[in-house]
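Q: Enclosed is the structure file my_file.tsv (TSV, C-alpha atoms).
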```tsv
chain	number	residue	atom	x	y	z
A	1	MET	CA	-64.50	68.69	103.25
A	2	ARG	CA	-62.37	67.48	106.13
A	3	LYS	CA	-59.80	69.88	107.53
A	4	GLY	CA	-56.93	67.61	106.56
A	5	THR	CA	-57.83	67.76	102.89
A	6	ILE	CA	-58.04	71.56	102.58
A	7	ILE	CA	-54.33	72.24	102.14
A	8	PRO	CA	-53.76	69.51	99.49
A	9	ALA	CA	-56.84	70.72	97.64
A	10	LEU	CA	-55.58	74.29	97.63
A	11	ALA	CA	-52.18	73.11	96.47
A	12	LEU	CA	-53.78	71.17	93.63
A	13	LEU	CA	-55.82	74.21	92.64
A	14	SER	CA	-52.68	76.40	92.56
A	15	LEU	CA	-50.87	73.78	90.50
A	16	CYS	CA	-53.72	73.70	88.00
A	17	SER	CA	-53.60	77.49	87.74
A	18	LEU	CA	-49.87	77.40	87.07
A	19	LEU	CA	-50.31	74.69	84.47
A	20	THR	CA	-53.02	76.76	82.76
A	21	VAL	CA	-50.73	79.80	82.59
A	22	ALA	CA	-47.81	77.67	81.43
A	23	GLY	CA	-50.01	76.03	78.85
A	24	SER	CA	-51.17	79.38	77.45
A	25	ALA	CA	-47.55	80.54	77.21
A	26	ALA	CA	-46.58	77.28	75.51
A	27	ASP	CA	-49.36	77.71	72.97
A	28	TYR	CA	-48.27	81.25	72.17
A	29	PRO	CA	-48.95	82.60	69.60
A	30	SER	CA	-52.40	81.25	68.79
A	31	ARG	CA	-53.93	84.39	67.28
A	32	PRO	CA	-52.84	87.60	65.48
A	33	LEU	CA	-50.61	90.20	67.09
A	34	GLU	CA	-51.92	93.78	67.06
A	35	ILE	CA	-49.44	96.65	66.72
A	36	ILE	CA	-51.13	99.77	68.05
A	37	CYS	CA	-49.95	102.80	66.07
A	38	PRO	CA	-50.51	106.24	67.67
A	39	TRP	CA	-50.64	108.02	64.31
A	40	THR	CA	-53.09	108.30	61.45
A	41	PRO	CA	-53.05	105.95	58.41
A	42	GLY	CA	-50.62	107.11	55.77
A	43	SER	CA	-48.26	108.84	58.18
A	44	SER	CA	-44.58	107.90	57.99
A	45	THR	CA	-44.76	106.13	61.36
A	46	ASP	CA	-47.85	104.23	60.19
A	47	VAL	CA	-46.02	103.11	57.04
A	48	SER	CA	-42.99	101.92	59.03
A	49	ALA	CA	-45.28	100.06	61.46
A	50	ARG	CA	-46.89	98.28	58.51
A	51	ILE	CA	-43.47	97.24	57.21
A	52	VAL	CA	-42.71	95.75	60.63
A	53	ALA	CA	-46.07	93.96	60.57
A	54	GLU	CA	-45.70	92.59	57.06
A	55	VAL	CA	-42.16	91.31	57.61
A	56	GLY	CA	-43.00	90.15	61.12
A	57	SER	CA	-45.83	87.92	59.92
A	58	LYS	CA	-43.15	85.65	58.41
A	59	TYR	CA	-41.57	85.03	61.80
A	60	PHE	CA	-44.44	85.37	64.30
A	61	GLY	CA	-46.39	82.36	63.08
A	62	GLN	CA	-49.62	84.36	63.02
A	63	PRO	CA	-50.76	87.49	61.16
A	64	VAL	CA	-49.41	90.79	62.50
A	65	VAL	CA	-51.79	93.70	61.99
A	66	VAL	CA	-51.59	97.45	62.56
A	67	VAL	CA	-54.40	99.22	64.39
A	68	ASN	CA	-54.39	103.03	64.31
A	69	LYS	CA	-55.40	104.83	67.51
A	70	PRO	CA	-54.21	108.42	67.08
A	71	GLY	CA	-54.60	111.29	69.49
A	72	ALA	CA	-53.03	112.98	72.53
A	73	ALA	CA	-49.54	112.62	71.02
A	74	GLY	CA	-49.57	108.86	71.58
A	75	ALA	CA	-51.28	108.71	74.98
A	76	ILE	CA	-54.50	107.15	73.63
A	77	ALA	CA	-52.60	104.28	72.01
A	78	ALA	CA	-50.46	103.75	75.10
A	79	ALA	CA	-53.53	103.67	77.35
A	80	ASP	CA	-55.11	101.07	75.08
A	81	VAL	CA	-52.16	98.68	75.43
A	82	ILE	CA	-51.91	99.25	79.19
A	83	SER	CA	-55.62	98.56	79.74
A	84	THR	CA	-55.51	95.29	77.79
A	85	LYS	CA	-54.78	91.86	79.26
A	86	PRO	CA	-50.96	91.42	79.18
A	87	ASP	CA	-50.99	88.25	77.10
A	88	GLY	CA	-48.57	89.30	74.36
A	89	TYR	CA	-51.15	89.95	71.65
A	90	LYS	CA	-50.96	93.74	71.69
A	91	ALA	CA	-47.89	95.99	71.47
A	92	LEU	CA	-47.36	99.73	71.16
A	93	TRP	CA	-45.46	101.09	68.16
A	94	GLY	CA	-43.86	104.17	69.61
A	95	SER	CA	-40.93	106.46	70.10
A	96	HIS	CA	-38.68	106.46	73.13
A	97	ALA	CA	-39.27	110.22	73.15
A	98	PHE	CA	-42.86	109.56	74.22
A	99	PHE	CA	-41.56	108.17	77.51
A	100	ALA	CA	-38.73	110.69	77.86
A	101	MET	CA	-40.61	113.85	76.91
A	102	THR	CA	-44.22	113.66	75.78
A	103	ILE	CA	-45.65	112.27	79.01
A	104	ARG	CA	-43.88	115.11	80.84
A	105	THR	CA	-45.97	117.63	78.89
A	106	GLN	CA	-49.42	116.24	79.70
A	107	LYS	CA	-51.29	114.53	82.50
A	108	VAL	CA	-51.89	110.96	81.42
A	109	PRO	CA	-54.41	108.60	83.07
A	110	PHE	CA	-51.92	105.75	83.43
A	111	LYS	CA	-48.47	104.87	84.65
A	112	ALA	CA	-46.04	104.99	81.74
A	113	ASP	CA	-43.88	102.47	83.61
A	114	ASP	CA	-46.59	99.90	82.89
A	115	LEU	CA	-45.10	99.72	79.39
A	116	VAL	CA	-41.62	98.29	78.89
A	117	PRO	CA	-39.41	98.39	75.78
A	118	LEU	CA	-39.12	95.26	73.68
A	119	ALA	CA	-36.94	96.30	70.73
A	120	ASN	CA	-35.96	99.30	68.62
A	121	PHE	CA	-36.26	99.10	64.83
A	122	LEU	CA	-35.24	102.44	63.36
A	123	GLU	CA	-34.04	106.00	63.91
A	124	LEU	CA	-35.89	108.88	62.27
A	125	ARG	CA	-34.29	111.70	60.31
A	126	GLN	CA	-36.09	114.93	61.08
A	127	GLY	CA	-35.89	118.54	60.06
A	128	LEU	CA	-37.50	121.83	59.04
A	129	VAL	CA	-39.12	121.85	55.59
A	130	VAL	CA	-40.51	124.52	53.23
A	131	ARG	CA	-42.19	124.43	49.83
A	132	ALA	CA	-40.06	124.77	46.73
A	133	ASP	CA	-41.68	128.14	45.94
A	134	SER	CA	-40.89	129.50	49.40
A	135	PRO	CA	-38.74	132.64	49.52
A	136	PHE	CA	-36.68	130.92	52.23
A	137	LYS	CA	-33.73	129.31	50.48
A	138	THR	CA	-31.79	128.82	53.72
A	139	PHE	CA	-32.53	128.77	57.42
A	140	ASP	CA	-30.92	132.21	57.69
A	141	ASP	CA	-33.58	133.47	55.28
A	142	PHE	CA	-36.27	132.02	57.52
A	143	LEU	CA	-34.77	133.66	60.62
A	144	ALA	CA	-34.35	137.04	58.96
A	145	ASN	CA	-37.98	137.07	57.88
A	146	ALA	CA	-39.19	135.84	61.27
A	147	LYS	CA	-37.33	138.66	63.03
A	148	LYS	CA	-39.07	141.20	60.82
A	149	ARG	CA	-42.44	139.54	61.35
A	150	GLN	CA	-42.32	138.47	64.98
A	151	GLY	CA	-45.21	136.17	65.83
A	152	GLU	CA	-46.44	135.83	62.25
A	153	LEU	CA	-44.66	132.88	60.63
A	154	LYS	CA	-46.61	129.63	60.97
A	155	TRP	CA	-45.26	126.09	60.99
A	156	SER	CA	-47.01	122.73	61.22
A	157	HIS	CA	-46.21	119.59	63.19
A	158	SER	CA	-47.98	116.38	64.23
A	159	GLY	CA	-48.52	117.02	67.93
A	160	ARG	CA	-47.38	119.06	70.90
A	161	GLY	CA	-44.84	117.48	73.22
A	162	LEU	CA	-43.13	115.55	70.42
A	163	VAL	CA	-39.55	115.95	69.21
A	164	LEU	CA	-40.88	117.55	66.02
A	165	HIS	CA	-42.54	120.18	68.19
A	166	LEU	CA	-39.87	120.68	70.84
A	167	ILE	CA	-36.77	121.05	68.67
A	168	PRO	CA	-38.05	124.01	66.59
A	169	LEU	CA	-39.16	125.69	69.83
A	170	ILE	CA	-35.66	125.29	71.26
A	171	ILE	CA	-34.12	126.69	68.07
A	172	PHE	CA	-36.52	129.61	67.74
A	173	LYS	CA	-36.14	130.61	71.38
A	174	LYS	CA	-32.36	130.60	71.11
A	175	ALA	CA	-32.59	132.61	67.85
A	176	GLY	CA	-34.81	135.19	69.54
A	177	ILE	CA	-37.87	134.77	67.32
A	178	THR	CA	-41.52	134.06	68.05
A	179	THR	CA	-43.63	131.97	65.69
A	180	ILE	CA	-47.01	130.27	65.56
A	181	ASP	CA	-46.88	126.49	65.79
A	182	VAL	CA	-49.91	124.70	64.40
A	183	PRO	CA	-50.41	121.14	65.72
A	184	TYR	CA	-52.29	118.54	63.71
A	185	LYS	CA	-53.67	115.11	64.52
A	186	GLY	CA	-51.12	113.40	62.33
A	187	THR	CA	-48.47	113.80	59.67
A	188	PRO	CA	-50.85	113.72	56.64
A	189	GLU	CA	-52.81	116.66	58.03
A	190	ALA	CA	-49.67	118.65	58.88
A	191	PHE	CA	-48.28	117.83	55.43
A	192	ALA	CA	-51.48	118.96	53.70
A	193	ALA	CA	-51.30	122.27	55.55
A	194	LEU	CA	-47.76	122.84	54.28
A	195	MET	CA	-48.49	121.83	50.69
A	196	GLY	CA	-51.67	123.91	50.68
A	197	GLY	CA	-49.83	127.05	51.75
A	198	HIS	CA	-51.63	127.33	55.09
A	199	VAL	CA	-48.30	127.42	56.94
A	200	ASP	CA	-44.85	128.74	56.04
A	201	ALA	CA	-42.88	125.66	57.09
A	202	GLY	CA	-43.25	122.25	58.67
A	203	SER	CA	-41.34	120.07	61.09
A	204	PHE	CA	-41.25	116.55	59.63
A	205	SER	CA	-39.44	113.27	59.51
A	206	TYR	CA	-37.68	112.67	56.20
A	207	ALA	CA	-39.87	109.66	55.41
A	208	ALA	CA	-43.00	111.82	55.53
A	209	VAL	CA	-41.85	114.07	52.70
A	210	VAL	CA	-39.12	112.15	50.87
A	211	GLU	CA	-41.08	111.78	47.60
A	212	GLN	CA	-41.89	115.49	47.45
A	213	VAL	CA	-38.27	116.38	48.24
A	214	LYS	CA	-37.03	114.12	45.45
A	215	ALA	CA	-39.62	115.62	43.09
A	216	GLY	CA	-38.43	119.14	43.89
A	217	GLN	CA	-41.68	120.21	45.56
A	218	LEU	CA	-40.20	120.60	49.05
A	219	ARG	CA	-36.77	121.26	50.51
A	220	PHE	CA	-35.21	120.93	53.93
A	221	LEU	CA	-33.68	124.00	55.51
A	222	MET	CA	-31.95	121.90	58.17
A	223	PHE	CA	-31.83	118.47	59.74
A	224	TYR	CA	-32.02	118.11	63.51
A	225	SER	CA	-28.77	116.20	63.64
A	226	ASP	CA	-25.06	116.35	64.30
A	227	LYS	CA	-24.14	114.89	60.91
A	228	ARG	CA	-25.11	115.49	57.29
A	229	PHE	CA	-26.78	112.76	55.25
A	230	LYS	CA	-25.15	111.54	52.07
A	231	ASP	CA	-28.37	111.67	50.04
A	232	GLN	CA	-28.98	115.29	51.14
A	233	PRO	CA	-25.40	116.60	51.32
A	234	ASN	CA	-26.31	120.28	50.92
A	235	VAL	CA	-28.68	120.42	53.87
A	236	PRO	CA	-26.93	121.73	57.01
A	237	THR	CA	-27.48	120.27	60.47
A	238	SER	CA	-28.76	121.98	63.59
A	239	VAL	CA	-25.30	121.56	65.15
A	240	GLU	CA	-23.60	123.30	62.22
A	241	LEU	CA	-26.04	126.17	62.50
A	242	GLY	CA	-25.24	126.68	66.17
A	243	TYR	CA	-28.01	124.71	67.88
A	244	ALA	CA	-26.15	121.84	69.49
A	245	ASP	CA	-28.95	121.24	72.01
A	246	ALA	CA	-31.44	120.63	69.18
A	247	THR	CA	-30.28	117.14	68.25
A	248	LEU	CA	-32.64	114.92	70.22
A	249	PRO	CA	-32.81	111.58	68.37
A	250	THR	CA	-36.04	109.68	67.77
A	251	PHE	CA	-35.95	105.90	67.99
A	252	PHE	CA	-39.03	103.84	67.08
A	253	GLY	CA	-39.78	100.42	68.44
A	254	LEU	CA	-42.24	98.11	70.17
A	255	TYR	CA	-43.37	98.30	73.82
A	256	VAL	CA	-45.45	95.78	75.73
A	257	HIS	CA	-47.25	95.63	79.08
A	258	LYS	CA	-44.78	95.07	81.91
A	259	ASP	CA	-46.81	92.10	83.18
A	260	THR	CA	-46.45	90.18	79.91
A	261	PRO	CA	-45.00	86.74	80.80
A	262	GLU	CA	-41.23	86.57	80.33
A	263	SER	CA	-41.55	83.54	78.05
A	264	ILE	CA	-43.79	85.55	75.73
A	265	LYS	CA	-41.51	88.59	75.85
A	266	LYS	CA	-38.70	86.28	74.80
A	267	VAL	CA	-40.68	85.06	71.78
A	268	LEU	CA	-41.53	88.62	70.75
A	269	ALA	CA	-37.93	89.79	71.24
A	270	GLY	CA	-36.70	86.96	69.01
A	271	VAL	CA	-39.20	87.89	66.30
A	272	ALA	CA	-38.15	91.55	66.57
A	273	LYS	CA	-34.50	90.70	66.05
A	274	LYS	CA	-35.32	88.56	63.00
A	275	ILE	CA	-37.33	91.43	61.52
A	276	CYS	CA	-34.44	93.86	61.97
A	277	GLU	CA	-32.02	91.41	60.35
A	278	ASP	CA	-34.32	90.77	57.39
A	279	PRO	CA	-32.94	92.33	54.15
A	280	ASP	CA	-36.46	93.17	52.98
A	281	PHE	CA	-37.11	95.15	56.16
A	282	LYS	CA	-33.82	97.04	55.85
A	283	ASN	CA	-34.38	97.86	52.19
A	284	ARG	CA	-37.93	99.07	52.72
A	285	ILE	CA	-37.05	101.26	55.71
A	286	GLU	CA	-34.11	102.77	53.81
A	287	SER	CA	-36.37	103.40	50.82
A	288	LEU	CA	-38.52	105.52	53.14
A	289	GLY	CA	-35.47	107.63	53.86
A	290	GLU	CA	-35.08	106.37	57.43
A	291	GLN	CA	-32.30	104.44	59.15
A	292	PRO	CA	-32.75	100.83	60.34
A	293	ARG	CA	-31.31	100.51	63.84
A	294	TYR	CA	-31.78	97.50	66.06
A	295	GLY	CA	-31.61	97.81	69.82
A	296	GLY	CA	-32.83	95.67	72.68
A	297	PRO	CA	-34.62	96.69	75.89
A	298	GLU	CA	-31.46	98.05	77.53
A	299	PHE	CA	-30.71	100.25	74.50
A	300	LEU	CA	-34.15	101.84	74.73
A	301	ARG	CA	-34.11	102.19	78.51
A	302	GLU	CA	-30.81	104.04	78.30
A	303	ALA	CA	-32.05	106.19	75.42
A	304	ILE	CA	-35.16	107.16	77.41
A	305	LYS	CA	-33.08	108.06	80.47
A	306	LYS	CA	-30.59	110.12	78.46
A	307	GLN	CA	-33.24	112.02	76.50
A	308	GLU	CA	-35.24	112.78	79.62
A	309	GLU	CA	-32.13	114.30	81.20
A	310	LEU	CA	-31.43	116.38	78.09
A	311	ALA	CA	-34.99	117.48	77.35
A	312	THR	CA	-36.39	118.24	80.81
A	313	PRO	CA	-34.55	121.57	81.25
A	314	SER	CA	-35.83	122.76	77.85
A	315	LEU	CA	-39.38	121.62	78.62
A	316	LYS	CA	-39.29	123.58	81.88
A	317	GLU	CA	-37.77	126.65	80.22
A	318	LEU	CA	-40.46	126.58	77.55
A	319	GLY	CA	-43.23	126.18	80.11
A	320	LEU	CA	-44.27	122.76	78.78
A	321	TYR	CA	-43.25	120.58	81.72
A	322	VAL	CA	-46.05	119.23	83.93
A	323	GLY	CA	-44.01	116.59	85.74
A	324	LYS	CA	-44.24	112.82	85.93
```
Is it possible to give me this structure as C-alpha cells?
A:
Amino acid sequence: MRKGTIIPALALLSLCSLLTVAGSAADYPSRPLEIICPWTPGSSTDVSARIVAEVGSKYFGQPVVVVNKPGAAGAIAAADVISTKPDGYKALWGSHAFFAMTIRTQKVPFKADDLVPLANFLELRQGLVVRADSPFKTFDDFLANAKKRQGELKWSHSGRGLVLHLIPLIIFKKAGITTIDVPYKGTPEAFAALMGGHVDAGSFSYAAVVEQVKAGQLRFLMFYSDKRFKDQPNVPTSVELGYADATLPTFFGLYVHKDTPESIKKVLAGVAKKICEDPDFKNRIESLGEQPRYGGPEFLREAIKKQEELATPSLKELGLYVGK
C-alpha cells in the first residue's frame, strides 16, 4: 500500500467500526434481557425480580428472564454482570445498600463503580419477626429474655453485610445484649430455620413472610422504619422504640455495566419507567407487602451516598468494615 493511502484507509476502517457499533445499538434489543438476581429462587427479592421481568417483557420487545446467582451477599451476581460484555443484555437486580454497605464488609474481586444505577423500582419493608408461639409478645420481651440469656438467643438472616444483618446488630449493641446471628444463603433457608424452631427470631422483609403473618403463624416485633404501616398498625417502629439510627432504607432496582452505550441505557431506562408506571406492576408489588417507588439514576446515586455516610460509622464500630 502506498504511504498516501494509509491514512484514508485507517479513517475508513474507523468509520466502519463506528457504523458497526451504531448499527448494533440501532438493532437493540435483538435478544432476551437477563436480570441477574443475587438471591435464591422463591426469595422475596427473586419474586419481585420476576414481576419486573414479566411486566418488562411487554415493553422491552424481547423476553426478559431472571437468572439466579446467589452467594457472597450479592457479590457473585455483581461480578457476573461486570465480567460480561456491556451490550445491554444483562443487568443486576440489587439493592443500593449493596453499594453503600455490603461491599464495605468484604473484599470483592471487582470495582463496584463498574456498575451504575439504571432505575429504582421499590422500597422494602423490613423488621424483626418471631413465630406465633414465641413467648416474645413485644420487643421488650425479647430484650428482657436476651439480657437474662446473654449470647444464647439466635436469629436468622439472609447474609452478612446486608441491612437485614446490620440493623439488628445496631439495635442489640445499643440495648446492651449479645446474640447469635445465623446467616443463610437466602431468604427461604432463613425462613425455614425460623419456622422450624432452629432460631428464636428472624430479620426479614415483609414480602418474605407476609402470608404467614396474615395467617397468624408469625408476627413482627418491630419494623425498621420511622413510620408505622397502615396494614400493620400495632407494630411499633425502631424509631419509636428508641433506635433512630436503625432506619436504613432498602431500595431495589436495576444496575448495568458503566460501559453500556448511552443509547442502550436510554432504552432500558425508558422500559424501567414504563414498568414502574404499569398498574399491574404496582398491584403485584403491593400484594407482596412492599412499596413501589420509582427513581432514576440520580435518586439511587444519592441514596447510595447517604446510606454509606450513615452506615460506615456503625460498620466500623461493629468491626465489620474492611474499606473500599
Q: Env of segment 243-248 of chain A: 7 Å cut, atoms = all atoms listed in the file, seq-sep filter 4 positions within chain, self excluded. Answer as a list of chain:residue names.
A: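 My list of contacting residues is A:Ile167, A:Ile170, A:Ile171, A:Tyr224, A:Ser225, A:Asp226, A:Ser238, A:Val239, A:Gln307.
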Q: For each of A:Ile275, A:Gly71, A:Arg228, A:Thr45, take the minimum atom-to-atom distance to Ser57 of chain A, counting only C-alpha atoms, then give the residue where this is smallest.
A: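 Ranking A:Ile275, A:Gly71, A:Arg228, A:Thr45 by distance to Ser57 of chain A, first place goes to A:Ile275.
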Q: From the options A:Lys173, A:Arg301, A:Arg160, A:Lys274, which residue's atoms come nearest to Ile103 of chain A, counting all atoms listed in the file?
A: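 Closest residue, counting all atoms listed in the file: A:Arg160.
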Q: Tell me which protein, DNA and RNA residues are within 9 Å of Ser134 of chain A, counting all atoms listed in the file, leaving out same-chain ones fewer than 5 positions away, and put them as a list in words.
A: Asp200, Ala201 and Leu218 of chain A
Q: Find the distance between atom CA of Cys37 of chain A and atom CA of Val67 of chain A and write it in Å to one decimal.
A: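 Between atom CA of Cys37 of chain A and atom CA of Val67 of chain A the gap works out to 6.0 Å.
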Q: Using all atoms listed in the file, list the residues that have an atom at most 10 Å from (-40.7, 89.6, 57.8), coordinates as in the file, as a list in words.
A: Ile51, Val52, Ala53, Glu54, Val55, Gly56, Ser57, Lys58, Tyr59, Phe60, Val64, Val271, Ala272, Lys274, Ile275, Cys276, Glu277, Asp278, Pro279, Asp280 and Phe281 of chain A
Q: What does the distance from atom CA of His165 of chain A to atom CA of Ala97 of chain A come to in Å, to one decimal?
A: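 Between atom CA of His165 of chain A and atom CA of Ala97 of chain A the gap works out to 11.6 Å.
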Q: From the list A:Asp259, A:Glu240, A:Asp181, A:Glu290, which residue is nearest Val47 of chain A when using all atoms listed in the file?
A: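 Smallest separation from Val47 of chain A among the options: A:Glu290.
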Q: Could you work out how far atom CA of Gly319 of chain A lies from atom CA of Phe172 of chain A, giving the answer in Å with one decimal?
A: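 Atom-to-atom, atom CA of Phe172 of chain A and atom CA of Gly319 of chain A are spaced 14.5 Å apart.
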Q: I'd like the neighbourhood of segment 143-145 of chain A as a PyMOL selection string, where a residue qualifies if any of its atoms comes within 12 Å (using only C-alpha atoms), though same-chain residues fewer than 2 positions away should be ignored.
A: chain A and resi 134-141+147-154+168+171-179+200-201+221+241
Q: Padding 4 Å on each side, edges along x, y and z: where is the centre of the box around the listed atoms of segment 305-319 of chain A, and how long are its edges in Å to one decimal? Output it as AutoDock Vina command-line options.
A:
```
--center_x -36.9 --center_y 117.4 --center_z 79.2 --size_x 20.6 --size_y 26.6 --size_z 13.4
```
Q: Do a neighbour search on Ala100 of chain A at 8 Å with only C-alpha atoms, toss out local chain neighbours closer than 5 positions, and write the hits as a list in words.
A: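 With the cut-off at 8 Å, the set is Ile304, Lys305, Gln307, Glu308 and Ala311 of chain A.
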